[in-house]
Structure formats: C-alpha cells, structure tokens
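As stored in data21.cif (mmCIF, C-alpha atoms):
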```
data_target
#
loop_
_atom_site.label_atom_id
_atom_site.label_comp_id
_atom_site.auth_asym_id
_atom_site.auth_seq_id
_atom_site.Cartn_x
_atom_site.Cartn_y
_atom_site.Cartn_z
CA MET A 1 23.94 88.14 -17.77
CA ARG A 2 24.74 88.66 -14.09
CA PRO A 3 22.51 91.18 -12.30
CA LEU A 4 24.16 94.38 -11.19
CA SER A 5 24.84 94.92 -7.52
CA GLN A 6 23.44 97.91 -5.63
CA THR A 7 26.85 99.62 -5.72
CA GLN A 8 27.12 99.10 -9.49
CA LEU A 9 23.62 100.51 -9.97
CA MET A 10 24.51 103.59 -7.93
CA LEU A 11 27.71 104.14 -9.92
CA ARG A 12 25.78 103.80 -13.17
CA ARG A 13 23.16 106.29 -12.03
CA PHE A 14 25.88 108.70 -10.94
CA ARG A 15 27.72 108.44 -14.28
CA ALA A 16 24.44 109.03 -16.10
CA HIS A 17 24.13 112.42 -14.39
CA ARG A 18 26.18 114.61 -16.74
CA LEU A 19 26.32 117.71 -14.56
CA GLY A 20 27.30 115.56 -11.61
CA MET A 21 30.19 114.06 -13.57
CA VAL A 22 31.28 117.53 -14.67
CA GLY A 23 31.18 118.72 -11.06
CA ALA A 24 33.16 115.71 -9.86
CA CYS A 25 35.83 116.26 -12.54
CA ILE A 26 36.10 119.97 -11.71
CA LEU A 27 36.49 119.22 -8.00
CA GLY A 28 39.04 116.49 -8.71
CA VAL A 29 41.14 118.91 -10.75
CA MET A 30 40.77 121.66 -8.13
CA TYR A 31 41.90 119.49 -5.24
CA LEU A 32 44.78 118.05 -7.25
CA VAL A 33 45.96 121.53 -8.26
CA VAL A 34 45.80 122.99 -4.74
CA ILE A 35 47.60 119.96 -3.28
CA LEU A 36 50.40 120.45 -5.83
CA ALA A 37 50.29 124.26 -5.45
CA PRO A 38 53.99 124.66 -4.51
CA PHE A 39 55.00 122.73 -7.62
CA ILE A 40 52.56 124.44 -9.99
CA ALA A 41 53.02 128.00 -8.69
CA PRO A 42 55.87 129.64 -10.64
CA THR A 43 56.83 131.94 -7.74
CA ASP A 44 56.55 132.22 -3.98
CA TYR A 45 53.08 133.46 -3.06
CA LEU A 46 54.52 135.68 -0.30
CA GLN A 47 57.25 137.33 -2.40
CA GLN A 48 56.72 141.07 -2.84
CA ARG A 49 57.97 142.85 -5.96
CA ARG A 50 57.80 146.58 -5.41
CA ASN A 51 58.66 147.23 -9.06
CA TYR A 52 55.63 145.23 -10.25
CA VAL A 53 52.81 146.57 -8.09
CA ASN A 54 49.33 146.11 -9.63
CA HIS A 55 50.80 144.54 -12.74
CA PRO A 56 48.10 143.24 -15.15
CA PRO A 57 48.12 139.60 -16.28
CA THR A 58 51.08 138.85 -18.51
CA ARG A 59 50.20 138.14 -22.11
CA ILE A 60 51.64 134.85 -23.33
CA ARG A 61 52.62 134.97 -26.98
CA TRP A 62 53.38 132.51 -29.77
CA PHE A 63 53.90 135.22 -32.38
CA ASP A 64 56.29 138.13 -31.91
CA HIS A 65 55.52 141.73 -32.85
CA GLU A 66 56.82 141.07 -36.38
CA GLY A 67 54.38 138.18 -36.89
CA ARG A 68 56.95 135.38 -36.67
CA PHE A 69 55.80 132.15 -35.02
CA HIS A 70 57.80 130.65 -32.14
CA TRP A 71 57.49 127.04 -31.11
CA ARG A 72 58.16 127.93 -27.49
CA PRO A 73 55.74 130.42 -25.88
CA PHE A 74 57.28 133.57 -24.45
CA VAL A 75 56.50 136.85 -22.75
CA TYR A 76 57.92 140.30 -23.37
CA ARG A 77 59.53 142.39 -20.71
CA THR A 78 57.15 145.04 -19.41
CA VAL A 79 58.01 148.64 -18.59
CA ARG A 80 56.05 150.79 -16.19
CA SER A 81 55.07 154.32 -17.21
CA ARG A 82 52.79 157.04 -15.85
CA ASP A 83 50.63 159.44 -17.82
CA PRO A 84 51.82 162.98 -16.89
CA ILE A 85 48.29 164.39 -17.13
CA THR A 86 46.01 161.70 -15.64
CA LEU A 87 48.78 160.10 -13.52
CA GLU A 88 47.44 156.72 -14.59
CA VAL A 89 50.01 153.90 -14.39
CA THR A 90 50.32 151.79 -17.52
CA TRP A 91 52.47 148.82 -18.47
CA GLU A 92 53.94 148.58 -21.96
CA GLU A 93 55.73 145.68 -23.59
CA ASP A 94 59.39 146.04 -24.52
CA HIS A 95 59.64 144.09 -27.76
CA SER A 96 63.43 144.04 -27.60
CA VAL A 97 63.52 141.54 -24.72
CA LYS A 98 61.77 138.17 -24.75
CA TYR A 99 61.61 135.60 -21.96
CA PRO A 100 60.82 132.04 -23.08
CA ILE A 101 58.53 129.95 -20.89
CA TYR A 102 60.10 126.65 -19.83
CA PHE A 103 58.65 123.58 -18.20
CA LEU A 104 60.18 121.98 -15.11
CA VAL A 105 62.33 124.95 -14.15
CA ARG A 106 64.20 125.72 -10.95
CA GLY A 107 62.75 128.37 -8.69
CA PRO A 108 62.02 129.22 -5.04
CA SER A 109 62.37 126.31 -2.62
CA TYR A 110 59.31 124.71 -1.03
CA ARG A 111 58.26 121.64 0.94
CA LEU A 112 55.80 119.16 -0.57
CA PHE A 113 54.83 115.89 1.12
CA GLY A 114 57.65 116.48 3.60
CA LEU A 115 60.31 116.79 0.89
CA GLU A 116 62.42 119.85 0.07
CA ALA A 117 62.37 120.83 -3.62
CA ASN A 118 62.77 123.79 -5.96
CA LEU A 119 61.36 122.36 -9.19
CA HIS A 120 58.33 124.15 -10.64
CA LEU A 121 55.98 123.09 -13.42
CA PHE A 122 56.66 126.14 -15.58
CA GLY A 123 58.25 129.57 -15.41
CA VAL A 124 60.72 132.00 -16.91
CA ASP A 125 64.32 132.82 -16.12
CA GLN A 126 63.88 135.16 -13.16
CA GLU A 127 67.63 135.65 -12.71
CA SER A 128 67.73 137.58 -16.00
CA GLY A 129 64.73 139.72 -14.97
CA GLY A 130 61.91 137.65 -16.45
CA GLN A 131 58.49 137.82 -14.78
CA LEU A 132 55.38 135.77 -15.48
CA PHE A 133 52.10 136.88 -13.86
CA LEU A 134 49.23 134.78 -15.23
CA PHE A 135 46.67 136.53 -13.01
CA GLY A 136 48.59 139.77 -12.48
CA THR A 137 49.83 141.11 -9.14
CA ASP A 138 48.25 142.81 -6.14
CA ARG A 139 49.08 146.11 -4.42
CA PHE A 140 52.20 144.58 -2.87
CA GLY A 141 53.46 143.06 -6.11
CA ARG A 142 52.58 139.50 -5.09
CA ASP A 143 51.65 137.02 -7.81
CA VAL A 144 47.86 136.54 -7.74
CA PHE A 145 48.07 133.20 -9.57
CA SER A 146 50.34 131.68 -6.91
CA ARG A 147 48.22 133.19 -4.14
CA THR A 148 45.08 131.76 -5.72
CA LEU A 149 46.58 128.27 -5.71
CA TYR A 150 47.63 128.52 -2.08
CA GLY A 151 44.33 130.18 -1.15
CA GLY A 152 42.47 127.23 -2.61
CA ARG A 153 44.22 125.00 -0.10
CA VAL A 154 42.64 126.91 2.77
CA THR A 155 39.18 127.45 1.26
CA LEU A 156 38.71 123.87 0.08
CA SER A 157 40.18 122.31 3.23
CA VAL A 158 37.87 124.40 5.42
CA GLY A 159 34.99 122.54 3.78
CA VAL A 160 36.56 119.14 4.50
CA PHE A 161 37.39 119.70 8.16
CA GLY A 162 34.26 121.72 8.77
CA ILE A 163 31.99 119.05 7.32
CA VAL A 164 33.67 116.32 9.39
CA LEU A 165 33.09 118.30 12.60
CA SER A 166 29.52 119.29 11.70
CA LEU A 167 28.73 115.67 10.75
CA VAL A 168 29.91 114.44 14.15
CA ILE A 169 27.80 117.02 15.98
CA GLY A 170 24.81 116.57 13.68
CA VAL A 171 24.83 112.77 13.90
CA VAL A 172 25.08 112.82 17.70
CA MET A 173 22.38 115.46 18.22
CA GLY A 174 20.07 114.16 15.47
CA GLY A 175 20.54 110.55 16.57
CA ILE A 176 19.67 111.30 20.20
CA SER A 177 16.70 113.38 19.12
CA GLY A 178 15.29 110.81 16.71
CA TYR A 179 16.04 107.64 18.69
CA TYR A 180 14.80 108.66 22.13
CA GLY A 181 12.14 111.21 21.14
CA GLY A 182 9.91 112.72 23.79
CA ALA A 183 11.15 115.66 25.84
CA VAL A 184 14.74 115.21 24.61
CA ASP A 185 13.58 115.44 21.00
CA ASN A 186 11.48 118.50 21.74
CA LEU A 187 14.35 120.28 23.52
CA ILE A 188 16.90 119.59 20.75
CA GLN A 189 14.51 120.61 17.99
CA ARG A 190 13.66 123.91 19.70
CA PHE A 191 17.37 124.61 20.09
CA ILE A 192 17.92 123.88 16.39
CA GLU A 193 15.08 126.21 15.44
CA LEU A 194 16.62 128.90 17.64
CA LEU A 195 19.97 128.61 15.87
CA ARG A 196 18.38 128.58 12.43
CA SER A 197 16.30 131.66 13.20
CA PHE A 198 19.36 133.92 13.43
CA PRO A 199 20.62 135.54 10.20
CA ARG A 200 23.63 133.51 9.12
CA ILE A 201 26.18 136.22 8.23
CA PRO A 202 25.64 138.44 11.34
CA LEU A 203 25.96 135.34 13.53
CA TRP A 204 29.20 134.36 11.75
CA LEU A 205 30.60 137.83 12.31
CA ALA A 206 29.55 137.91 15.96
CA LEU A 207 31.22 134.58 16.72
CA SER A 208 34.35 135.43 14.70
CA MET A 209 34.82 138.50 16.87
CA ILE A 210 35.43 136.15 19.79
CA LEU A 211 38.70 134.97 18.23
CA PRO A 212 41.64 136.73 19.96
CA ALA A 213 43.42 139.27 17.76
CA ASN A 214 46.85 137.92 18.74
CA TRP A 215 46.16 134.40 17.49
CA SER A 216 48.38 133.00 14.77
CA SER A 217 47.05 132.27 11.30
CA VAL A 218 46.82 128.55 12.05
CA LYS A 219 44.78 129.11 15.21
CA VAL A 220 42.48 131.52 13.38
CA TYR A 221 42.04 128.91 10.63
CA PHE A 222 40.85 126.25 13.08
CA GLY A 223 38.76 128.85 14.90
CA VAL A 224 36.93 129.68 11.67
CA VAL A 225 36.40 125.97 10.96
CA THR A 226 34.94 125.49 14.44
CA ILE A 227 32.61 128.49 14.07
CA LEU A 228 31.28 127.30 10.73
CA SER A 229 30.79 123.77 12.06
CA LEU A 230 28.93 124.92 15.17
CA LEU A 231 26.41 126.70 12.95
CA ASP A 232 26.14 124.18 10.11
CA TRP A 233 25.31 120.98 12.01
CA THR A 234 21.60 121.77 12.29
CA GLY A 235 20.79 120.65 8.75
CA VAL A 236 22.61 117.36 9.27
CA ALA A 237 20.82 116.82 12.58
CA ARG A 238 17.43 117.30 10.90
CA VAL A 239 18.23 114.68 8.26
CA VAL A 240 19.59 112.20 10.82
CA ARG A 241 16.59 112.70 13.10
CA GLY A 242 14.18 111.93 10.27
CA GLN A 243 16.04 108.75 9.38
CA PHE A 244 16.18 107.60 13.00
CA LEU A 245 12.46 108.20 13.41
CA ASN A 246 11.85 106.07 10.32
CA LEU A 247 14.21 103.20 11.20
CA ARG A 248 13.75 102.86 14.96
CA THR A 249 10.41 101.08 14.48
CA LYS A 250 11.53 98.76 11.69
CA GLU A 251 11.42 95.00 12.16
CA PHE A 252 15.21 94.48 12.20
CA VAL A 253 15.59 97.09 14.94
CA GLU A 254 12.77 95.55 17.00
CA SER A 255 14.35 92.13 16.54
CA ALA A 256 17.72 93.40 17.76
CA ARG A 257 16.05 95.03 20.76
CA ALA A 258 14.19 91.78 21.55
CA LEU A 259 17.50 89.90 21.48
CA GLY A 260 18.87 92.22 24.16
CA VAL A 261 21.04 94.47 22.02
CA GLY A 262 21.66 97.78 23.81
CA ASP A 263 20.88 101.24 22.47
CA MET A 264 24.48 101.89 21.37
CA GLY A 265 24.62 98.58 19.52
CA ILE A 266 21.35 99.29 17.73
CA ILE A 267 22.48 102.79 16.77
CA PHE A 268 25.99 101.90 15.54
CA ARG A 269 25.37 98.43 14.12
CA HIS A 270 21.87 98.67 12.69
CA ILE A 271 20.75 102.27 12.12
CA LEU A 272 23.85 104.27 11.19
CA PRO A 273 25.01 101.83 8.44
CA ASN A 274 21.59 102.21 6.82
CA ILE A 275 21.77 106.02 6.63
CA MET A 276 25.36 106.39 5.43
CA SER A 277 24.19 107.20 1.90
CA TYR A 278 22.06 110.06 3.24
CA LEU A 279 25.00 111.37 5.25
CA VAL A 280 27.25 111.35 2.18
CA VAL A 281 24.71 113.32 0.16
CA THR A 282 24.05 115.76 3.02
CA ALA A 283 27.76 116.31 3.56
CA THR A 284 28.36 116.97 -0.15
CA LEU A 285 25.51 119.48 -0.33
CA SER A 286 26.84 121.22 2.82
CA PHE A 287 30.24 121.94 1.28
CA PRO A 288 29.07 125.07 -0.60
CA GLY A 289 27.79 126.61 2.63
CA MET A 290 31.17 126.06 4.28
CA ILE A 291 33.05 127.60 1.36
CA ILE A 292 30.74 130.62 1.19
CA GLY A 293 30.92 131.03 4.96
CA GLU A 294 34.72 131.10 5.05
CA SER A 295 34.88 133.40 2.05
CA SER A 296 32.35 135.79 3.57
CA ILE A 297 34.14 136.02 6.92
CA SER A 298 37.56 136.45 5.31
CA PHE A 299 36.22 138.97 2.80
CA LEU A 300 34.99 141.11 5.69
CA GLY A 301 38.39 140.89 7.40
CA LEU A 302 37.32 138.70 10.34
CA GLY A 303 38.49 135.31 9.08
CA ILE A 304 41.76 134.02 7.67
CA LYS A 305 44.65 136.42 8.25
CA GLU A 306 48.03 136.97 6.65
CA PRO A 307 50.43 135.34 5.95
CA MET A 308 47.89 132.56 5.32
CA THR A 309 45.58 133.30 2.43
CA SER A 310 42.25 132.11 1.07
CA TRP A 311 39.98 132.97 -1.83
CA GLY A 312 37.83 135.12 0.42
CA LEU A 313 40.86 136.99 1.75
CA LEU A 314 42.08 137.59 -1.80
CA LEU A 315 38.71 139.12 -2.69
CA LYS A 316 39.12 141.56 0.18
CA ASP A 317 41.53 143.55 -2.04
CA ALA A 318 38.73 144.08 -4.57
CA GLN A 319 36.18 145.74 -2.28
CA SER A 320 36.21 149.25 -3.75
CA MET A 321 34.84 150.26 -7.14
CA ASP A 322 38.11 152.03 -8.03
CA VAL A 323 40.01 148.77 -7.65
CA LEU A 324 37.49 146.90 -9.79
CA LEU A 325 37.88 149.48 -12.54
CA MET A 326 41.67 149.70 -12.39
CA GLN A 327 42.62 146.12 -11.42
CA PRO A 328 39.75 143.83 -12.47
CA TRP A 329 42.05 140.78 -12.33
CA LEU A 330 41.79 140.85 -8.53
CA MET A 331 38.28 139.41 -8.95
CA ILE A 332 39.65 136.15 -10.42
CA PRO A 333 39.58 134.23 -7.08
CA GLY A 334 35.83 134.90 -6.94
CA PHE A 335 35.31 132.83 -10.08
CA PHE A 336 36.99 129.87 -8.38
CA ILE A 337 34.56 130.20 -5.47
CA ILE A 338 31.64 130.15 -7.91
CA ALA A 339 33.07 127.13 -9.75
CA ALA A 340 33.63 125.18 -6.52
CA VAL A 341 30.15 125.93 -5.16
CA LEU A 342 28.44 124.93 -8.41
CA ALA A 343 30.56 121.78 -8.72
CA PHE A 344 29.64 120.64 -5.21
CA ASN A 345 25.95 121.31 -5.88
CA PHE A 346 26.04 119.38 -9.15
CA MET A 347 27.85 116.44 -7.56
CA GLY A 348 25.50 116.48 -4.56
CA ASP A 349 22.47 116.32 -6.85
CA ALA A 350 24.04 113.41 -8.72
CA LEU A 351 24.79 111.54 -5.48
CA ARG A 352 21.24 112.13 -4.27
CA ASP A 353 19.85 110.63 -7.48
CA ALA A 354 22.33 107.75 -7.35
CA PHE A 355 21.47 106.80 -3.76
CA ASP A 356 17.72 107.22 -4.29
CA PRO A 357 16.26 103.70 -3.98
CA PHE A 358 13.09 104.76 -5.80
CA VAL A 359 14.87 105.43 -9.10
CA SER A 360 13.55 103.03 -11.64
CA LYS A 361 16.03 100.24 -12.49
CA ALA A 362 14.25 99.57 -15.78
CA SER A 363 15.88 102.62 -17.33
CA PHE A 364 19.27 100.99 -16.96
#
```
Written as structure tokens, that's how I'd like the structure from this file.
Amino acid sequence: MRPLSQTQLMLRRFRAHRLGMVGACILGVMYLVVILAPFIAPTDYLQQRRNYVNHPPTRIRWFDHEGRFHWRPFVYRTVRSRDPITLEVTWEEDHSVKYPIYFLVRGPSYRLFGLEANLHLFGVDQESGGQLFLFGTDRFGRDVFSRTLYGGRVTLSVGVFGIVLSLVIGVVMGGISGYYGGAVDNLIQRFIELLRSFPRIPLWLALSMILPANWSSVKVYFGVVTILSLLDWTGVARVVRGQFLNLRTKEFVESARALGVGDMGIIFRHILPNIMSYLVVTATLSFPGMIIGESSISFLGLGIKEPMTSWGLLLKDAQSMDVLLMQPWLMIPGFFIIAAVLAFNFMGDALRDAFDPFVSKASF
C-alpha cells in the first residue's frame, strides 16, 4: 500500500471534520446561489409593487381549499383588506384564482456572465396578475427573496476582496516585523496594539463617515471594503510575524543566506511558501469578521447604499420593534448572516486541524 502524501493526509483530516464539511457545503451552495442570483430570482430585485407593500411570504400549496391534490404547486391570488377598527392591513387568499408555479419561465431581463437573458428558474405568470413572494415584500413592495439573493452577492464578495487586501497588508507588515526585528518590529507592534485598542464598531463608523455622500454605490462598496481591510490586517500580521520569527533562524534559511540569497529571495522563495497553510486558515477565520463588519456598517446606514443592496442593508428595514411585530419576515436576511458566519468558522476550524502537522497520523 502506497503511503499517503501530505496533501492527501490534509484532505482526509478535513473530510473527517464533520462540521467543517457541513460549513464547506453551506458556503458552496451560498456562493453558487448568489452567483446565479439573476437566474434564480423570480423577479427584479429593484421592482416596486405599490399594490403589494409589506406583503407576507406567499404560501405555496399542493392541496387546494377543497382538499384536492395538485401535481403542480400553486399559489392563490391575495387580496388586501384593512380592519375598520384597528386599521390593521391583512392579506387574504382568493380561492377562486390559482397561479401554478412553473420552472424555467420567462421574466425580467438580466445579464449573467456577460450574456443577456430572461429565463428564470421558477415563477408564476405575472402577465395574468400572479405574484410569488417567498420571503414577502418590504415597505416599497420589493421582493425580499430576490433582494436577499442579490444582497448575498455584496456581503459575501466583501469578505473575498477584503480578505485579499488585508492579507497583502498583513503579510507585508508582519513579514517586515518578524524578519528584521529590532526597532522596526517594536514600532510595527506598537502600531498594531494601538489599532487593536480602539473599539471596533465606533472605529468602523468613524472611518465610514469619511466616505463622500455623493459617491455612487460602487464607490461606496469599495470604500467599505478598504475600511474593513485597513482594520482587519492586524490579526494576519501577528500570525505572519510569529511564523517569520520561527523560520528566520532555521537551517534552510541560514543556508540560503550563506549562499548569498538576498532578503527578498529568502522571504518569497523560502519563508512564505512554508506559511501558506497558516495564511489560508487565518484568511478563512477572518471572513466572519468581514461579513459582520459590512453588515454592521450597512445596518447603521453608513455602508452600502441603494440601489445596491446587502444583507446588512436589508436588516436596516427591521430596526424598530413595530416592524418586527408586523413584518417579521424582514429579519430573514439576518439568518443568512448567521449561517455564513458559522459556516466560515466551522470550515476554518477544519482547515486548522487539517494543516496541523502535530495531528497524529496513526488515527488515519
């Protein structure tokens, strides 16, 4: 029997971590869904329907009101009414009109991977008045399900771009600090401690106020990514510094230095390749902080702005207790934030165990 390579051992350890596998599967599904959001969303996420303001989630049925089973799922038409005494708005089903749910239906046009299309995964016949709101609508009559899909694009991509930028800054600062040491190391570490001593959320808010109010949504998006990255690189720098301090005195580094290899060659050819596993784990465990940071800033109204949307911006509509009591479905995007944060933590723990060279190989 051939011995397993180091990569095969790491994959086996990762697959043995059940929560890590669950987290990886959840994240894979999330990213696939948000990438295909225009195709999956039954309606345009910006379309306003004044006749369907604060509509609760549509109930999908297989049995009609007479108890008869239908092979194709359907929804009833809903009628808005208002209680004359309490003035409470209610939605009642009109059992005389049914709208079947079809797969691969034509709908609003969109662009996906540079191609123009109008085919959607599922939906109802909107030309005859059919409406399908899986997560209900907001105060402007916009479909919360479609907005959640598009909002996931922003929230999950903030983590990707933010981590890339924070990794670059963290590797540079931590590498300089750990490799050269001395006064440079002392100066960088005191600066890191200064940044980490500030409360995170007030510092986010203070920096987000710098963004000009007349910026477009795209500029605000990259501004938020930059702010989060400038505050999140300190943890990466600490990890990189520790690894550099450990490896700079190793025999293979001393041998390269004796052969005349310069500092840049030692750093990029000998030290960085040996800490890539630590960087992958650190980056994965930093994703939740990025997601929570973007959601917090947008929730407070200082982050992503319309017409762009994110999960944090969607939660902004559910700030008051009256809204939570009357339209609890507006809290649904918050559950996706929780699921994404937990999934990244689970996968990060699994990667940390998989890359740990001290895990006993006898158990495999």
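Residue selection for this entry, given the PyMOL selection byres ((chain A and resi 89) around 12), comprises Tyr52, Val53, Asn54, His55, Pro56, Val79, Arg80, Ser81, Arg82, Asp83, Pro84, Ile85, Thr86, Leu87, Glu88, Thr90, Trp91, Glu92, Met326 and Gln327 of chain A.
If you look at CA of Tyr45 in chain A and CA of Ala117 in chain A, they are 15.7 Å away from each other.
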Per residue of range 57-160 of chain A within 10 Å of range 206-223 of chain A, which atom pair is closest and at what distance in Å (one decimal), using all atoms listed in the file, listed by chain and increasing number, as JSON lines?
```
{"residue": "A:Val154", "atom": "CA", "partner": "A:Tyr221", "partner_atom": "CA", "distance": 8.1}
{"residue": "A:Thr155", "atom": "CA", "partner": "A:Tyr221", "partner_atom": "CA", "distance": 9.9}
{"residue": "A:Val158", "atom": "CA", "partner": "A:Tyr221", "partner_atom": "CA", "distance": 8.1}
```
Decode the PyMOL selection byres ((chain A and resi 62) around 12) for the given file into explicit residues and return them as a PyMOL selection string. chain A and resi 59-61+63-76+98-101
Across A:Ser320, A:Thr284, A:Ser298, A:Ser197, the smallest distance to Phe346 in chain A, with only C-alpha atoms counted, is shown by A:Thr284
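The interatomic distance for the pair CA of Gln189 in chain A and CA of Gly162 in chain A works out to 21.8 Å.
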